[in-house]
file target.cif (mmCIF, C-alpha atoms)
data_my_file
#
loop_
_atom_site.label_atom_id
_atom_site.label_comp_id
_atom_site.auth_asym_id
_atom_site.auth_seq_id
_atom_site.Cartn_x
_atom_site.Cartn_y
_atom_site.Cartn_z
CA MET L 265 6.72 18.15 0.15
CA ALA L 266 10.52 17.88 0.10
CA ALA L 267 12.82 20.82 0.82
CA THR L 268 13.54 22.74 -2.37
CA GLY L 269 14.57 26.19 -1.13
CA GLU L 270 17.77 27.74 0.19
CA ARG L 271 20.18 25.30 1.83
CA THR L 272 20.95 26.65 5.30
CA ALA L 273 23.14 25.23 8.07
CA VAL L 274 22.49 26.24 11.68
CA VAL L 275 25.37 25.74 14.11
CA LEU L 276 23.89 25.38 17.59
CA ALA L 277 26.31 26.76 20.18
CA GLY L 278 23.90 27.56 23.00
CA GLY L 279 25.24 25.15 25.64
CA VAL L 280 27.27 26.24 28.66
CA GLY L 281 29.38 23.12 29.22
CA ALA L 282 28.44 22.46 32.83
CA ARG L 283 29.74 18.88 32.70
CA MET L 284 33.16 20.13 31.58
CA GLY L 285 33.60 22.23 34.73
CA LEU L 286 34.72 25.25 32.70
CA ASP L 287 34.30 28.99 33.13
CA LEU L 288 33.52 29.38 29.42
CA PRO L 289 31.17 27.57 27.02
CA LYS L 290 32.69 24.32 25.78
CA GLN L 291 32.22 25.42 22.16
CA LEU L 292 34.98 27.99 22.83
CA ILE L 293 37.53 25.36 23.85
CA LYS L 294 40.48 25.48 21.46
CA LEU L 295 41.74 22.37 19.68
CA ARG L 296 44.67 22.67 17.28
CA GLY L 297 44.50 26.47 17.48
CA ARG L 298 40.79 26.85 16.69
CA THR L 299 37.69 26.75 18.86
CA LEU L 300 35.21 23.91 18.51
CA LEU L 301 32.78 26.52 17.19
CA GLU L 302 35.21 27.58 14.49
CA HIS L 303 35.90 23.98 13.44
CA SER L 304 32.17 23.37 13.03
CA ILE L 305 31.46 26.62 11.18
CA ALA L 306 34.36 25.90 8.82
CA ARG L 307 32.92 22.49 7.86
CA PHE L 308 29.68 24.03 6.62
CA ASP L 309 31.19 27.23 5.20
CA ALA L 310 33.46 25.14 2.95
CA HIS L 311 30.76 22.75 1.76
CA PRO L 312 29.65 23.61 -1.80
CA GLU L 313 25.97 22.85 -1.18
CA VAL L 314 25.61 25.11 1.87
CA GLU L 315 24.38 28.56 0.85
CA ARG L 316 24.01 30.19 4.26
CA VAL L 317 25.21 29.58 7.83
CA ILE L 318 23.47 30.80 11.00
CA VAL L 319 25.19 30.57 14.39
CA MET L 320 23.14 30.37 17.59
CA MET L 321 25.33 31.36 20.55
CA VAL L 322 25.10 31.69 24.32
CA PRO L 323 23.93 35.31 24.81
CA SER L 324 26.81 36.13 27.16
CA HIS L 325 29.39 35.25 24.49
CA LEU L 326 27.89 36.75 21.35
CA ASP L 327 30.85 39.07 20.78
CA GLU L 328 33.31 36.14 20.72
CA ALA L 329 31.10 34.21 18.32
CA ARG L 330 30.71 37.22 16.01
CA ALA L 331 34.47 37.74 15.94
CA ILE L 332 34.97 34.09 14.97
CA ALA L 333 32.17 34.11 12.38
CA ALA L 334 33.48 37.24 10.67
CA ALA L 335 36.12 35.14 8.91
CA TYR L 336 33.52 33.02 7.11
CA ALA L 337 31.72 34.33 4.04
CA LYS L 338 28.56 32.24 4.36
CA VAL L 339 27.70 33.23 7.95
CA SER L 340 24.74 35.58 7.69
CA ASP L 341 23.67 35.81 11.33
CA VAL L 342 25.03 35.20 14.82
CA LEU L 343 22.00 35.14 17.11
CA PRO L 344 21.41 34.58 20.83
CA GLY L 345 20.33 31.10 21.85
CA ALA L 346 17.50 30.38 24.28
CA ASP L 347 17.52 28.63 27.64
CA THR L 348 16.81 25.24 26.04
CA ARG L 349 17.89 23.38 22.91
CA SER L 350 14.30 23.41 21.69
CA GLY L 351 14.00 27.15 22.25
CA THR L 352 17.27 27.76 20.41
CA SER L 353 16.18 25.68 17.41
CA ARG L 354 12.87 27.51 17.25
CA ALA L 355 14.66 30.88 17.41
CA ALA L 356 16.90 29.81 14.52
CA LEU L 357 13.84 28.94 12.42
CA ALA L 358 12.60 32.50 12.85
CA ALA L 359 15.63 33.57 10.76
CA VAL L 360 14.63 31.17 7.96
CA PRO L 361 11.33 32.53 6.59
CA ASP L 362 11.20 30.26 3.52
CA ASP L 363 9.10 27.21 4.48
CA ASP L 364 10.72 25.18 1.69
CA ALA L 365 14.28 25.88 2.83
CA ALA L 366 16.47 22.86 3.60
CA VAL L 367 17.80 23.43 7.12
CA LEU L 368 20.53 21.40 8.81
CA LEU L 369 20.80 21.83 12.59
CA HIS L 370 24.21 20.86 13.96
CA ASP L 371 25.79 20.75 17.41
CA ALA L 372 28.78 23.11 17.50
CA VAL L 373 30.60 20.60 19.70
CA ARG L 374 30.68 18.01 16.90
CA PRO L 375 33.71 19.47 15.07
CA LEU L 376 34.38 16.44 12.87
CA VAL L 377 31.25 16.25 10.74
CA ASP L 378 32.39 15.44 7.21
CA ASP L 379 31.37 16.46 3.70
CA ARG L 380 29.79 13.09 2.94
CA ILE L 381 27.34 13.38 5.86
CA ILE L 382 26.35 16.92 4.88
CA SER L 383 25.83 15.91 1.24
CA ASP L 384 23.79 12.85 2.23
CA CYS L 385 21.52 15.00 4.42
CA PHE L 386 20.77 17.42 1.58
CA ALA L 387 20.18 14.49 -0.79
CA ALA L 388 17.71 12.95 1.65
CA LEU L 389 15.88 16.27 2.01
CA ARG L 390 15.17 16.21 -1.71
CA ARG L 391 12.92 13.19 -0.99
CA PHE L 392 11.90 13.58 2.65
CA ASP L 393 10.80 16.42 4.93
CA ALA L 394 13.07 15.32 7.79
CA VAL L 395 16.34 13.45 8.16
CA ASP L 396 18.44 12.20 11.05
CA VAL L 397 22.07 11.10 11.15
CA ALA L 398 22.78 7.94 13.11
CA ILE L 399 25.19 5.05 13.53
CA PRO L 400 24.55 1.46 14.64
CA SER L 401 24.82 0.75 18.34
CA ALA L 402 27.92 -1.29 19.11
CA ASP L 403 26.68 -1.94 22.64
CA THR L 404 23.76 -3.95 23.90
CA VAL L 405 21.10 -1.56 25.22
CA VAL L 406 19.02 -2.60 28.22
CA VAL L 407 15.72 -1.08 29.31
CA VAL L 408 15.43 -0.94 33.09
CA THR L 409 12.71 -0.56 35.65
CA GLU L 410 12.87 -0.14 39.43
CA THR L 411 12.08 -2.98 41.79
CA ASP L 412 12.59 -2.83 45.56
CA GLY L 413 14.74 0.27 45.24
CA ALA L 414 17.06 -1.20 42.61
CA GLU L 415 17.24 -1.02 38.83
CA VAL L 416 16.54 -4.32 37.09
CA ILE L 417 16.36 -5.21 33.42
CA ASP L 418 12.88 -4.97 31.98
CA HIS L 419 13.80 -6.03 28.45
CA ILE L 420 16.63 -5.95 25.90
CA PRO L 421 15.78 -4.49 22.47
CA ASP L 422 17.16 -6.07 19.31
CA ARG L 423 20.47 -4.29 18.73
CA ALA L 424 20.07 -4.69 14.96
CA VAL L 425 17.36 -2.02 14.87
CA LEU L 426 19.00 0.41 17.32
CA ARG L 427 20.89 3.50 16.19
CA ARG L 428 22.81 6.22 18.06
CA GLY L 429 21.74 9.67 16.95
CA GLN L 430 24.18 12.36 15.84
CA THR L 431 23.84 15.70 14.08
CA PRO L 432 23.20 17.37 11.75
CA GLN L 433 19.49 16.78 11.67
CA GLY L 434 17.77 18.16 8.60
CA PHE L 435 14.28 19.47 7.86
CA ARG L 436 12.08 21.37 5.50
CA ALA L 437 11.85 24.57 7.53
CA GLY L 438 8.06 24.82 7.40
CA LEU L 439 7.57 21.30 8.73
CA LEU L 440 9.83 21.88 11.74
CA ARG L 441 8.25 25.27 12.37
CA GLU L 442 4.78 23.68 12.49
CA ALA L 443 5.97 20.85 14.75
CA TYR L 444 7.48 23.33 17.21
CA ALA L 445 4.32 25.44 17.21
CA ARG L 446 2.36 22.36 18.29
CA ALA L 447 5.02 21.39 20.82
CA PHE L 448 5.13 24.77 22.54
CA ALA L 449 1.32 24.81 22.70
CA ASP L 450 1.41 21.48 24.57
CA PRO L 451 1.65 22.01 28.36
CA ASP L 452 3.20 18.54 28.69
CA PHE L 453 5.98 19.19 26.17
CA THR L 454 9.42 18.27 27.43
CA ALA L 455 12.64 19.22 25.67
CA THR L 456 14.02 16.70 23.21
CA ASP L 457 16.04 16.81 20.02
CA ASP L 458 14.55 18.24 16.84
CA CYS L 459 13.76 14.88 15.24
CA GLY L 460 12.01 13.89 18.46
CA VAL L 461 9.77 16.95 18.12
CA VAL L 462 8.85 15.93 14.57
CA VAL L 463 8.20 12.30 15.53
CA ARG L 464 5.85 13.40 18.32
CA TYR L 465 4.14 16.45 16.83
CA ALA L 466 4.18 15.61 13.10
CA PRO L 467 3.66 11.84 13.39
CA ASP L 468 2.70 11.37 9.74
CA THR L 469 6.16 12.54 8.66
CA SER L 470 8.73 9.92 7.65
CA VAL L 471 12.13 10.78 9.13
CA ALA L 472 14.86 9.37 6.90
CA VAL L 473 18.08 8.13 8.47
CA VAL L 474 21.48 8.57 6.83
CA ALA L 475 24.69 6.99 8.02
CA GLY L 476 26.78 8.99 10.44
CA SER L 477 30.39 8.35 11.40
CA GLU L 478 32.20 7.09 14.47
CA ARG L 479 34.44 10.16 14.08
CA ASN L 480 31.51 12.56 14.33
CA ILE L 481 31.81 12.66 18.11
CA LYS L 482 30.19 15.11 20.50
CA VAL L 483 32.60 16.81 22.91
CA THR L 484 30.78 16.53 26.23
CA GLU L 485 33.23 15.13 28.78
CA PRO L 486 36.90 16.06 29.40
CA THR L 487 38.07 12.80 27.80
CA ASP L 488 36.23 13.76 24.61
CA VAL L 489 38.57 16.75 24.23
CA LEU L 490 41.60 14.47 23.96
CA LEU L 491 39.87 12.16 21.49
CA ALA L 492 38.64 15.05 19.33
CA GLU L 493 42.10 16.60 19.24
CA ARG L 494 43.64 13.35 18.03
CA LEU L 495 40.92 12.84 15.42
CA LEU L 496 41.39 16.39 14.14
CA ALA L 497 45.12 15.71 13.83
CA LEU L 498 44.45 12.52 11.87
CA SER L 499 42.02 14.38 9.63
CA ALA L 500 44.62 17.07 8.93
CA GLU L 501 47.24 14.43 8.12
CA THR L 502 44.84 12.74 5.70
CA ASP L 503 44.12 16.07 3.97
CA VAL L 504 47.84 16.72 3.53
CA ARG L 505 48.44 13.25 2.05
CA SER L 506 45.50 13.72 -0.35
CA GLU L 507 46.85 17.09 -1.49
CA ILE L 508 50.31 15.61 -2.08
CA SER L 509 48.80 12.75 -4.09
CA ARG L 510 46.78 15.16 -6.27
CA SER L 511 49.86 17.31 -6.93
CA HIS L 512 51.69 14.26 -8.36
CA LEU L 513 48.92 13.21 -10.73
#

call {"tool": "encode", "arguments": {"input": "target.cif", "output": "structure tokens"}}
result
Amino acid sequence: MAATGERTAVVLAGGVGARMGLDLPKQLIKLRGRTLLEHSIARFDAHPEVERVIVMMVPSHLDEARAIAAAYAKVSDVLPGADTRSGTSRAALAAVPDDDAAVLLHDAVRPLVDDRIISDCFAALRRFDAVDVAIPSADTVVVVTETDGAEVIDHIPDRAVLRRGQTPQGFRAGLLREAYARAFADPDFTATDDCGVVVRYAPDTSVAVVAGSERNIKVTEPTDVLLAERLLALSAETDVRSEISRSHL
């Protein structure tokens, strides 16, 4: 059963940015005058197919998130995240009671997701119960094992079938809810991304893959901040040129 209900975007901002060495969550870093959180909310708020936006925020910074979200008409809830990504996703689903809702879960620290990706995810959810966003791997990936205290190559997968996952990831809400119920009932469950939960706990479900973008980067390390800032600048320049071109038609 494909997703046919309300189209909801969930912006996941529950991380604390330990690898950035900051005294605030990385989603509150400002680039070009706006926080990463605000950039991500704005992408979904402006998309014509998104009907509702939910923000999941670090509990200690809910007030900041609510102040940011107040400027966006489609944000219906700003809710506290859990200790894990999986727990945060499950908490977000509790705010989406319609099992047939189309839900996109997106990392707040991917501020450059574009309209085409969002549209492609919703289109895929009209045919499938789950969808991932991914790009081909430009690097050779090696699988290692340990021998005599050192890592050695076990095998090298065919790069042609490898993809690097991004977000958003999309689901029919009821399917993901059921998969998480099974996962949290499993004493051996370990945290993974949302598509990983579906692959393991709803194995009969086909997870469609739509093309991501090299620009849809995740800001994780300090160098990512510089790259994201430059990409946001290029995006703004492109928007200005497009507007000028339209005004001369």

call {"tool": "resolve_selection", "arguments": {"input": "target.cif", "expression": "the PyMOL selection byres ((chain L and resi 267-271) around 9)", "output": "PyMOL selection string"}}
result
chain L and resi 265-266+272-273+313-317+362-368+386+389-394+435-437

call {"tool": "atom_distance", "arguments": {"input": "target.cif", "atom1": "CA of Val373 (chain L)", "atom2": "CA of Ala337 (chain L)"}}
result
20.9 Å

call {"tool": "closest_residue", "arguments": {"input": "target.cif", "among": "L:Asp403, L:Asp418, L:Asp378, L:Asp468", "to": "Thr431 (chain L)", "atoms": "only C-alpha atoms"}}
result
L:Asp378

call {"tool": "resolve_selection", "arguments": {"input": "target.cif", "expression": "the PyMOL selection byres ((chain L and resi 464) around 12)", "output": "list of chain:residue names"}}
result
L:Leu440, L:Glu442, L:Ala443, L:Tyr444, L:Arg446, L:Ala447, L:Asp450, L:Asp452, L:Phe453, L:Thr454, L:Ala455, L:Thr456, L:Asp457, L:Asp458, L:Cys459, L:Gly460, L:Val461, L:Val462, L:Val463, L:Tyr465, L:Ala466, L:Pro467, L:Asp468, L:Thr469, L:Ser470, L:Val471

call {"tool": "resolve_selection", "arguments": {"input": "target.cif", "expression": "the PyMOL selection byres ((chain L and resi 343-355) around 8)", "output": "PyMOL selection string"}}
result
chain L and resi 276-278+318-323+326+341-342+356-359+369+441+444+455-458

call {"tool": "closest_residue", "arguments": {"input": "target.cif", "among": "L:Arg428, L:His325, L:His311, L:Arg423", "to": "Ile381 (chain L)", "atoms": "only C-alpha atoms"}}
result
L:His311

call {"tool": "closest_residue", "arguments": {"input": "target.cif", "among": "L:Val416, L:Ile293, L:Val408, L:Leu301", "to": "Leu490 (chain L)", "atoms": "all atoms listed in the file"}}
result
L:Ile293

call {"tool": "closest_residue", "arguments": {"input": "target.cif", "among": "L:Pro361, L:Gly438, L:Val405, L:Ala492", "to": "His303 (chain L)", "atoms": "all atoms listed in the file"}}
result
L:Ala492

call {"tool": "atom_distance", "arguments": {"input": "target.cif", "atom1": "CA of Leu300 (chain L)", "atom2": "CA of Ala333 (chain L)"}}
result
12.3 Å

call {"tool": "residues_around", "arguments": {"input": "target.cif", "residues": "Lys482 (chain L)", "least_positions_apart": "2", "cutoff": "9 Å", "atoms": "all atoms listed in the file", "output": "NGL selection string"}}
result
:L and (371-376 or 430 or 480 or 484-485 or 488 or 492)

call {"tool": "axis_aligned_box", "arguments": {"input": "target.cif", "around": "region 415-420 of chain L", "padding_each_side": "6 Å", "output": "AutoDock Vina command-line options"}}
result
--center_x 15.1 --center_y -3.5 --center_z 32.4 --size_x 16.4 --size_y 17.0 --size_z 24.9

call {"tool": "atom_distance", "arguments": {"input": "target.cif", "atom1": "CA of Phe448 (chain L)", "atom2": "CA of Ala388 (chain L)"}}
result
27.1 Å

call {"tool": "closest_residue", "arguments": {"input": "target.cif", "among": "L:Pro312, L:Val274, L:Leu426, L:Ala497", "to": "Arg380 (chain L)", "atoms": "only C-alpha atoms"}}
result
L:Pro312

call {"tool": "build_atoms", "arguments": {"input": "target.cif", "residues": "region 334-346 of chain L", "atoms": "N, CA, C and O atoms", "output": "mmCIF file, in the coordinates of the input"}}
result
data_model
loop_
_atom_site.group_PDB
_atom_site.id
_atom_site.type_symbol
_atom_site.label_atom_id
_atom_site.label_comp_id
_atom_site.auth_asym_id
_atom_site.auth_seq_id
_atom_site.Cartn_x
_atom_site.Cartn_y
_atom_site.Cartn_z
ATOM 1 N N ALA L 334 33.150 36.218 11.657
ATOM 2 C CA ALA L 334 33.480 37.240 10.670
ATOM 3 C C ALA L 334 34.438 36.730 9.590
ATOM 4 O O ALA L 334 34.502 37.292 8.488
ATOM 5 N N ALA L 335 35.155 35.668 9.871
ATOM 6 C CA ALA L 335 36.120 35.140 8.910
ATOM 7 C C ALA L 335 35.469 34.238 7.860
ATOM 8 O O ALA L 335 36.155 33.791 6.931
ATOM 9 N N TYR L 336 34.172 33.988 7.983
ATOM 10 C CA TYR L 336 33.520 33.020 7.110
ATOM 11 C C TYR L 336 32.429 33.697 6.277
ATOM 12 O O TYR L 336 31.490 34.293 6.809
ATOM 13 N N ALA L 337 32.558 33.574 4.965
ATOM 14 C CA ALA L 337 31.720 34.330 4.040
ATOM 15 C C ALA L 337 30.246 33.948 4.100
ATOM 16 O O ALA L 337 29.373 34.782 3.844
ATOM 17 N N LYS L 338 29.949 32.697 4.421
ATOM 18 C CA LYS L 338 28.560 32.240 4.360
ATOM 19 C C LYS L 338 27.769 32.504 5.642
ATOM 20 O O LYS L 338 26.555 32.301 5.656
ATOM 21 N N VAL L 339 28.428 32.949 6.698
ATOM 22 C CA VAL L 339 27.700 33.230 7.950
ATOM 23 C C VAL L 339 26.919 34.528 7.779
ATOM 24 O O VAL L 339 27.498 35.600 7.592
ATOM 25 N N SER L 340 25.593 34.406 7.868
ATOM 26 C CA SER L 340 24.740 35.580 7.690
ATOM 27 C C SER L 340 24.285 36.180 9.006
ATOM 28 O O SER L 340 23.992 37.381 9.082
ATOM 29 N N ASP L 341 24.200 35.352 10.048
ATOM 30 C CA ASP L 341 23.670 35.810 11.330
ATOM 31 C C ASP L 341 24.369 35.077 12.472
ATOM 32 O O ASP L 341 24.628 33.862 12.382
ATOM 33 N N VAL L 342 24.634 35.797 13.549
ATOM 34 C CA VAL L 342 25.030 35.200 14.820
ATOM 35 C C VAL L 342 24.008 35.682 15.838
ATOM 36 O O VAL L 342 23.963 36.884 16.171
ATOM 37 N N LEU L 343 23.167 34.772 16.318
ATOM 38 C CA LEU L 343 22.000 35.140 17.110
ATOM 39 C C LEU L 343 22.060 34.518 18.503
ATOM 40 O O LEU L 343 22.693 33.477 18.691
ATOM 41 N N PRO L 344 21.408 35.148 19.479
ATOM 42 C CA PRO L 344 21.410 34.580 20.830
ATOM 43 C C PRO L 344 20.552 33.328 20.924
ATOM 44 O O PRO L 344 19.431 33.274 20.398
ATOM 45 N N GLY L 345 21.095 32.312 21.595
ATOM 46 C CA GLY L 345 20.330 31.100 21.850
ATOM 47 C C GLY L 345 19.358 31.315 23.002
ATOM 48 O O GLY L 345 19.404 32.323 23.705
ATOM 49 N N ALA L 346 18.484 30.331 23.190
ATOM 50 C CA ALA L 346 17.500 30.380 24.280
ATOM 51 C C ALA L 346 17.994 29.537 25.451
ATOM 52 O O ALA L 346 19.115 29.011 25.444
#
